[in-house]
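K.L.:
Enclosed is the structure file model_27.pdb (PDB, C-alpha atoms).
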```pdb
ATOM      1  CA  MET W   1     113.170 111.982  31.778
ATOM      2  CA  ASN W   2     112.417 111.843  35.501
ATOM      3  CA  ASN W   3     112.084 108.594  37.422
ATOM      4  CA  SER W   4     108.301 108.743  37.756
ATOM      5  CA  VAL W   5     107.793 109.079  33.983
ATOM      6  CA  ARG W   6     110.304 106.304  33.289
ATOM      7  CA  THR W   7     108.533 104.031  35.769
ATOM      8  CA  ALA W   8     105.149 104.710  34.180
ATOM      9  CA  ILE W   9     106.459 103.924  30.672
ATOM     10  CA  LEU W  10     108.079 100.696  31.857
ATOM     11  CA  ALA W  11     104.840  99.652  33.537
ATOM     12  CA  LEU W  12     102.889 100.274  30.332
ATOM     13  CA  LEU W  13     105.400  98.273  28.297
ATOM     14  CA  ALA W  14     105.292  95.401  30.779
ATOM     15  CA  GLY W  15     101.519  95.352  30.627
ATOM     16  CA  PHE W  16     101.617  95.281  26.821
ATOM     17  CA  VAL W  17     104.040  92.339  26.805
ATOM     18  CA  VAL W  18     101.964  90.363  29.297
ATOM     19  CA  ALA W  19      98.774  91.026  27.351
ATOM     20  CA  THR W  20     100.425  90.062  24.078
ATOM     21  CA  PHE W  21     101.773  86.727  25.282
ATOM     22  CA  THR W  22      98.847  85.690  27.470
ATOM     23  CA  ALA W  23      96.013  86.601  25.108
ATOM     24  CA  PRO W  24      94.107  83.520  23.970
ATOM     25  CA  VAL W  25      95.107  82.254  20.547
ATOM     26  CA  ALA W  26      92.225  81.462  18.224
ATOM     27  CA  ARG W  27      92.363  77.847  17.100
ATOM     28  CA  ALA W  28      90.344  76.021  14.520
ATOM     29  CA  ASP W  29      88.873  72.576  15.093
ATOM     30  CA  TYR W  30      88.546  69.372  13.100
ATOM     31  CA  ALA W  31      85.170  67.835  12.364
ATOM     32  CA  VAL W  32      85.553  64.055  12.210
ATOM     33  CA  LEU W  33      83.015  62.451   9.872
ATOM     34  CA  LYS W  34      81.671  58.907   9.942
ATOM     35  CA  SER W  35      83.471  58.279   6.652
ATOM     36  CA  GLY W  36      86.817  58.929   8.360
ATOM     37  CA  ALA W  37      87.321  62.362   6.779
ATOM     38  CA  ARG W  38      88.666  65.180   8.953
ATOM     39  CA  ILE W  39      87.452  68.649   7.987
ATOM     40  CA  HIS W  40      89.350  71.728   9.202
ATOM     41  CA  ILE W  41      86.578  74.035  10.469
ATOM     42  CA  THR W  42      86.352  77.467  12.061
ATOM     43  CA  GLY W  43      82.975  76.755  13.659
ATOM     44  CA  TYR W  44      79.832  74.651  13.492
ATOM     45  CA  GLU W  45      76.130  74.973  14.270
ATOM     46  CA  HIS W  46      73.293  72.480  14.773
ATOM     47  CA  CYS W  47      70.362  73.131  12.420
ATOM     48  CA  GLY W  48      67.763  70.474  13.228
ATOM     49  CA  ASP W  49      68.956  67.180  11.773
ATOM     50  CA  GLN W  50      71.715  69.020   9.877
ATOM     51  CA  ILE W  51      74.999  70.517  11.029
ATOM     52  CA  LYS W  52      76.470  73.582   9.373
ATOM     53  CA  LEU W  53      80.255  73.443   9.153
ATOM     54  CA  ASP W  54      82.080  76.742   8.682
ATOM     55  CA  PHE W  55      85.560  76.814   7.200
ATOM     56  CA  VAL W  56      87.845  79.318   5.549
ATOM     57  CA  GLY W  57      86.203  80.321   2.282
ATOM     58  CA  GLY W  58      82.698  79.028   2.934
ATOM     59  CA  SER W  59      80.446  76.569   4.716
ATOM     60  CA  ALA W  60      78.585  73.323   4.102
ATOM     61  CA  GLN W  61      75.767  71.379   5.688
ATOM     62  CA  ILE W  62      75.965  67.677   6.502
ATOM     63  CA  ALA W  63      73.595  65.256   8.195
ATOM     64  CA  ALA W  64      74.027  65.324  11.969
ATOM     65  CA  SER W  65      74.458  61.552  11.872
ATOM     66  CA  ASP W  66      77.568  61.982   9.688
ATOM     67  CA  LEU W  67      79.438  63.924  12.394
ATOM     68  CA  VAL W  68      81.320  61.715  14.836
ATOM     69  CA  SER W  69      83.104  64.393  16.861
ATOM     70  CA  VAL W  70      84.772  67.793  16.835
ATOM     71  CA  GLU W  71      88.386  67.739  17.985
ATOM     72  CA  PRO W  72      90.759  70.591  18.891
ATOM     73  CA  GLU W  73      93.349  71.439  16.292
ATOM     74  CA  GLU W  74      96.221  70.684  18.632
ATOM     75  CA  ASP W  75      95.100  67.050  18.837
ATOM     76  CA  PHE W  76      95.591  66.572  15.093
ATOM     77  CA  GLN W  77      98.955  65.157  14.062
ATOM     78  CA  VAL W  78     100.172  66.908  10.942
ATOM     79  CA  LEU W  79     102.194  64.632   8.700
ATOM     80  CA  PRO W  80     105.404  65.897   7.095
ATOM     81  CA  ALA W  81     105.389  66.678   3.405
ATOM     82  CA  PRO W  82     105.160  63.444   1.442
ATOM     83  CA  PRO W  83     108.211  62.341  -0.531
ATOM     84  CA  PRO W  84     108.173  62.243  -4.325
ATOM     85  CA  ALA W  85     105.908  59.372  -5.264
ATOM     86  CA  ALA W  86     106.005  56.641  -7.824
ATOM     87  CA  SER W  87     109.483  55.823  -8.973
ATOM     88  CA  ALA W  88     111.302  52.538  -9.329
ATOM     89  CA  ASN W  89     113.011  53.259  -6.010
ATOM     90  CA  ALA W  90     109.881  54.452  -4.186
ATOM     91  CA  PRO W  91     109.005  52.696  -0.917
ATOM     92  CA  TYR W  92     107.078  49.451  -1.497
ATOM     93  CA  ALA W  93     107.484  49.857  -5.275
ATOM     94  CA  GLU W  94     107.167  46.129  -5.985
ATOM     95  CA  LEU W  95     104.034  45.750  -3.851
ATOM     96  CA  ILE W  96     102.498  48.833  -5.454
ATOM     97  CA  LEU W  97     103.245  47.545  -8.957
ATOM     98  CA  ALA W  98     101.740  44.127  -8.144
ATOM     99  CA  ALA W  99      98.554  45.711  -6.741
ATOM    100  CA  ALA W 100      98.331  48.060  -9.717
ATOM    101  CA  LYS W 101      98.546  45.192 -12.216
ATOM    102  CA  LYS W 102      96.066  43.051 -10.295
ATOM    103  CA  ASN W 103      93.483  45.856 -10.130
ATOM    104  CA  GLY W 104      94.146  47.517 -13.477
ATOM    105  CA  LEU W 105      95.414  50.765 -11.957
ATOM    106  CA  ASP W 106      98.338  53.074 -12.601
ATOM    107  CA  GLU W 107     100.976  52.433  -9.950
ATOM    108  CA  LYS W 108     101.579  56.192  -9.749
ATOM    109  CA  LEU W 109      97.996  56.645  -8.554
ATOM    110  CA  ILE W 110      98.499  54.168  -5.731
ATOM    111  CA  SER W 111     101.825  55.734  -4.743
ATOM    112  CA  ASN W 112     100.338  59.215  -4.632
ATOM    113  CA  VAL W 113      97.394  58.066  -2.527
ATOM    114  CA  ILE W 114      99.782  56.398  -0.072
ATOM    115  CA  ALA W 115     101.884  59.571   0.064
ATOM    116  CA  GLU W 116      98.838  61.678   0.907
ATOM    117  CA  GLU W 117      97.277  59.176   3.291
ATOM    118  CA  SER W 118     100.200  58.001   5.424
ATOM    119  CA  ASN W 119     103.440  59.467   4.038
ATOM    120  CA  PHE W 120     104.516  55.821   3.469
ATOM    121  CA  ASN W 121     104.259  54.998   7.183
ATOM    122  CA  PRO W 122     102.925  51.405   7.420
ATOM    123  CA  LYS W 123     102.068  51.855  11.123
ATOM    124  CA  ALA W 124     100.110  55.110  10.694
ATOM    125  CA  VAL W 125      96.862  55.309  12.680
ATOM    126  CA  SER W 126      94.449  58.221  12.462
ATOM    127  CA  PRO W 127      92.184  59.394  15.333
ATOM    128  CA  LYS W 128      89.282  57.822  13.375
ATOM    129  CA  ARG W 129      91.171  54.472  13.429
ATOM    130  CA  ALA W 130      92.116  54.503   9.750
ATOM    131  CA  GLN W 131      95.218  52.342   9.615
ATOM    132  CA  GLY W 132      98.295  51.519   7.612
ATOM    133  CA  LEU W 133      99.760  52.754   4.364
ATOM    134  CA  MET W 134      96.438  53.437   2.630
ATOM    135  CA  GLN W 135      94.605  54.359   5.847
ATOM    136  CA  LEU W 136      91.933  51.678   5.761
ATOM    137  CA  LEU W 137      89.023  52.020   8.163
ATOM    138  CA  PRO W 138      88.244  48.797  10.075
ATOM    139  CA  GLU W 139      85.069  48.220   8.053
ATOM    140  CA  THR W 140      86.961  48.711   4.778
ATOM    141  CA  ALA W 141      89.675  46.311   5.875
ATOM    142  CA  ALA W 142      87.023  43.746   6.807
ATOM    143  CA  ARG W 143      85.216  44.202   3.475
ATOM    144  CA  TYR W 144      88.401  43.298   1.594
ATOM    145  CA  SER W 145      89.350  40.428   3.936
ATOM    146  CA  VAL W 146      92.473  42.053   5.377
ATOM    147  CA  ALA W 147      93.854  39.858   8.162
ATOM    148  CA  ASP W 148      96.676  42.234   9.183
ATOM    149  CA  VAL W 149      95.982  45.858   8.302
ATOM    150  CA  PHE W 150      99.573  46.828   9.118
ATOM    151  CA  ASP W 151     101.007  44.335   6.635
ATOM    152  CA  PRO W 152     102.067  46.507   3.660
ATOM    153  CA  GLU W 153     101.135  43.925   1.038
ATOM    154  CA  GLN W 154      97.624  43.337   2.392
ATOM    155  CA  ASN W 155      97.021  47.028   3.018
ATOM    156  CA  ILE W 156      98.139  48.124  -0.451
ATOM    157  CA  GLU W 157      96.163  45.378  -2.163
ATOM    158  CA  ALA W 158      92.965  46.248  -0.254
ATOM    159  CA  GLY W 159      93.419  49.986  -0.788
ATOM    160  CA  ALA W 160      94.019  49.477  -4.504
ATOM    161  CA  HIS W 161      90.957  47.204  -4.733
ATOM    162  CA  TYR W 162      88.873  49.873  -2.976
ATOM    163  CA  LEU W 163      90.172  52.545  -5.366
ATOM    164  CA  LYS W 164      89.271  50.339  -8.314
ATOM    165  CA  ASP W 165      85.762  49.806  -6.957
ATOM    166  CA  LEU W 166      85.324  53.561  -6.493
ATOM    167  CA  LEU W 167      86.464  54.217 -10.058
ATOM    168  CA  VAL W 168      83.873  51.701 -11.272
ATOM    169  CA  ARG W 169      81.219  53.305  -9.069
ATOM    170  CA  TYR W 170      81.953  56.742 -10.557
ATOM    171  CA  SER W 171      82.350  55.562 -14.146
ATOM    172  CA  GLY W 172      86.077  56.185 -14.273
ATOM    173  CA  ASP W 173      85.909  59.741 -12.870
ATOM    174  CA  LEU W 174      89.216  59.903 -10.989
ATOM    175  CA  LYS W 175      88.387  63.088  -9.096
ATOM    176  CA  LEU W 176      85.152  61.669  -7.726
ATOM    177  CA  ALA W 177      86.854  58.382  -6.827
ATOM    178  CA  LEU W 178      89.580  60.244  -4.936
ATOM    179  CA  ALA W 179      87.034  62.450  -3.192
ATOM    180  CA  ALA W 180      85.133  59.329  -2.126
ATOM    181  CA  TYR W 181      88.335  57.669  -0.880
ATOM    182  CA  ASN W 182      88.991  60.743   1.268
ATOM    183  CA  ALA W 183      85.521  61.812   2.443
ATOM    184  CA  GLY W 184      83.452  58.690   1.808
ATOM    185  CA  PRO W 185      81.180  57.822  -1.132
ATOM    186  CA  GLU W 186      78.071  58.743   0.852
ATOM    187  CA  ILE W 187      79.302  62.334   1.164
ATOM    188  CA  VAL W 188      80.245  62.505  -2.528
ATOM    189  CA  ASP W 189      76.823  61.154  -3.521
ATOM    190  CA  ARG W 190      75.072  63.630  -1.239
ATOM    191  CA  TYR W 191      76.846  66.564  -2.891
ATOM    192  CA  ALA W 192      76.683  64.984  -6.354
ATOM    193  CA  GLY W 193      80.350  65.810  -6.776
ATOM    194  CA  ILE W 194      83.463  66.734  -4.816
ATOM    195  CA  PRO W 195      82.210  68.028  -1.442
ATOM    196  CA  PRO W 196      83.044  71.636  -0.536
ATOM    197  CA  PHE W 197      85.503  70.628   2.179
ATOM    198  CA  PRO W 198      88.942  72.258   1.824
ATOM    199  CA  GLU W 199      90.753  69.066   2.895
ATOM    200  CA  THR W 200      88.987  66.912   0.331
ATOM    201  CA  GLN W 201      89.418  69.480  -2.428
ATOM    202  CA  LYS W 202      93.138  69.832  -1.634
ATOM    203  CA  TYR W 203      93.495  66.055  -1.453
ATOM    204  CA  VAL W 204      92.023  65.623  -4.928
ATOM    205  CA  ALA W 205      93.965  68.582  -6.330
ATOM    206  CA  HIS W 206      97.304  67.417  -4.878
ATOM    207  CA  ILE W 207      97.029  63.909  -6.265
ATOM    208  CA  THR W 208      95.716  64.863  -9.709
ATOM    209  CA  ALA W 209      98.329  67.622 -10.055
ATOM    210  CA  SER W 210     101.101  65.212  -9.077
ATOM    211  CA  LEU W 211      99.858  62.634 -11.591
ATOM    212  CA  SER W 212      99.726  65.316 -14.281
ATOM    213  CA  ARG W 213     103.299  66.425 -13.550
ATOM    214  CA  GLU W 214     104.559  62.849 -13.648
ATOM    215  CA  SER W 215     102.738  62.219 -16.915
ATOM    216  CA  THR W 216     104.308  65.347 -18.407
ATOM    217  CA  ARG W 217     107.792  64.244 -17.329
ATOM    218  CA  VAL W 218     107.278  60.834 -18.934
ATOM    219  CA  SER W 219     106.046  62.349 -22.224
ATOM    220  CA  ASP W 220     108.963  64.804 -22.291
ATOM    221  CA  ASN W 221     111.403  61.928 -21.996
TER     222      ASN W 221
END
```
Would you kindly transcribe this structure into structure tokens?
P.N.:
Amino acid sequence: MNNSVRTAILALLAGFVVATFTAPVARADYAVLKSGARIHITGYEHCGDQIKLDFVGGSAQIAASDLVSVEPEEDFQVLPAPPPAASANAPYAELILAAAKKNGLDEKLISNVIAEESNFNPKAVSPKRAQGLMQLLPETAARYSVADVFDPEQNIEAGAHYLKDLLVRYSGDLKLALAAYNAGPEIVDRYAGIPPFPETQKYVAHITASLSRESTRVSDN
């Protein structure tokens, strides 16, 4: 191979490498809803007083007034995988048990919601200002008279009370209550069921599957 051919090949390879590593990388965005939900979207479009949200596997329309902002994916802090929930040695086990008894809930439900919401981080704050272990929005914290949203006891008690109220609202339907906790009851009511948002559907599926596994382990013992 002569020098001119070798030089041409090297130039082509260099151009390929530069193009490969400098090409723009497609990124998805997050639609932040008034309810505090964050929906992973691939695009969105204004349609009058509605907004069409596109995501992997489908799309959905919401009221324009429900959309607070659209944020780049890189601004979203992904939490690590939550630890196994609901055991005697789980974080805040005594506080969770007390809130469960007071509100007539299964402590495993509260533990799993905390795991999904904050990964048991009492200082967690979302870009929508949801705060603490059970990620209470300021208006939710105010509704349940929370003086210090970062106090684990107050946060767990208010979150459990809110869960109980949602279960009452949806006649004991756990999936709808969880969907409302994640996306907001207004969104659940608008869709007359679990909204078609991947995050909300995964949220409900993760918690209900975890509860089912824990129930199976208990029955096997």
K.L.:
What is the distance between atom CA of W:Arg38 and atom CA of W:Val168, in Å to one decimal?
P.N.:
24.8 Å
K.L.:
What's around W:Gly159 at 7 Å? Count all atoms listed in the file, leave out sequence neighbours fewer than 4 positions away in its own chain, and write the answer as a VMD selection string.
P.N.:
chain W and resid 134 136 155 163
K.L.:
I'd like the residues picked by the PyMOL selection byres ((chain W and resi 153) around 9) written out as an mmCIF file with C-alpha atoms, in the coordinates of the input, using the chain letters and numbers from the file.
P.N.:
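Written out: result-v7.cif:
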```cif
data_model
loop_
_atom_site.group_PDB
_atom_site.id
_atom_site.type_symbol
_atom_site.label_atom_id
_atom_site.label_comp_id
_atom_site.auth_asym_id
_atom_site.auth_seq_id
_atom_site.Cartn_x
_atom_site.Cartn_y
_atom_site.Cartn_z
ATOM 1 C CA TYR W 92 107.078 49.451 -1.497
ATOM 2 C CA LEU W 95 104.034 45.750 -3.851
ATOM 3 C CA ILE W 96 102.498 48.833 -5.454
ATOM 4 C CA ALA W 99 98.554 45.711 -6.741
ATOM 5 C CA PHE W 150 99.573 46.828 9.118
ATOM 6 C CA ASP W 151 101.007 44.335 6.635
ATOM 7 C CA PRO W 152 102.067 46.507 3.660
ATOM 8 C CA GLN W 154 97.624 43.337 2.392
ATOM 9 C CA ASN W 155 97.021 47.028 3.018
ATOM 10 C CA ILE W 156 98.139 48.124 -0.451
ATOM 11 C CA GLU W 157 96.163 45.378 -2.163
ATOM 12 C CA ALA W 158 92.965 46.248 -0.254
#
```
K.L.:
Would you place a box with edges along x, y and z of the file around all atoms of stretch 129-143 of chain W listed there, add 8 Å to each of its six sides, and report the centre and edge lengths in Å to one decimal, as JSON?
P.N.:
```
{"center_x": 92.4, "center_y": 49.1, "center_z": 8.0, "size_x": 30.7, "size_y": 26.8, "size_z": 26.8}
```
K.L.:
Given the file shown, enumerate the residues that the PyMOL selection byres ((chain W and resi 44-49) around 12) captures and present them as a list in words.
P.N.:
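Evaluating the PyMOL selection byres ((chain W and resi 44-49) around 12) on this file yields Ala28, Asp29, Tyr30, Ala31, Ile39, His40, Ile41, Thr42, Gly43, Gln50, Ile51, Lys52, Leu53, Asp54, Phe55, Gly58, Ser59, Ala60, Gln61, Ile62, Ala63, Ala64, Ser65, Asp66, Leu67, Ser69, Val70 and Glu71 of chain W.
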K.L.:
Using only C-alpha atoms, which residue out of W:Val146, W:Pro91, W:His161, W:Asn103 lies closest to W:Asn121?
P.N.:
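Checking each candidate against W:Asn121, we get W:Pro91 as the closest.
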K.L.:
Closest to W:Ala115 among W:Pro138, W:Tyr170, W:Ser215, W:His206, using only C-alpha atoms?
P.N.:
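Selected residue with least distance to W:Ala115: W:His206.
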K.L.:
Out of W:Gln135, W:Lys128, W:Glu186, W:Glu116, which residue has the shortest atom-to-atom distance to W:Lys202 when counting only C-alpha atoms?
P.N.:
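Nearest candidate to W:Lys202 out of W:Gln135, W:Lys128, W:Glu186, W:Glu116: W:Glu116.
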K.L.:
Suppose you want the space between atom CA of W:Gly184 and atom CA of W:Thr140; what is it in Å?
P.N.:
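Value for the atom CA of W:Gly184-atom CA of W:Thr140 distance: 11.0 Å.
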K.L.:
Can you give me, as a PyMOL selection string, the residues this file yields under the PyMOL selection byres ((chain W and resi 175) around 8)?
P.N.:
chain W and resi 173-174+176-179+194+204+208
K.L.:
If you measure from atom CA of W:Arg190 to atom CA of W:Ala160, what distance in Å do you get, rounded to one decimal?
P.N.:
23.9 Å
K.L.:
Taking all atoms listed in the file into account, which of W:Lys164, W:Arg129, W:Lys101, W:Arg217 comes nearest W:Ser35?
P.N.:
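Closest to W:Ser35, using all atoms listed in the file: W:Arg129.
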K.L.:
Restricting the calculation to all atoms listed in the file, which member of W:Ser145, W:Asn182, W:Ser212, W:Ser118 is positioned closest to W:Glu199?
P.N.:
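That would be W:Asn182, the residue with the smallest distance to W:Glu199.
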K.L.:
Which one is closest to W:Leu97: W:Pro195, W:Tyr203, W:Ile110, W:Gly172? Count all atoms listed in the file.
P.N.:
W:Ile110
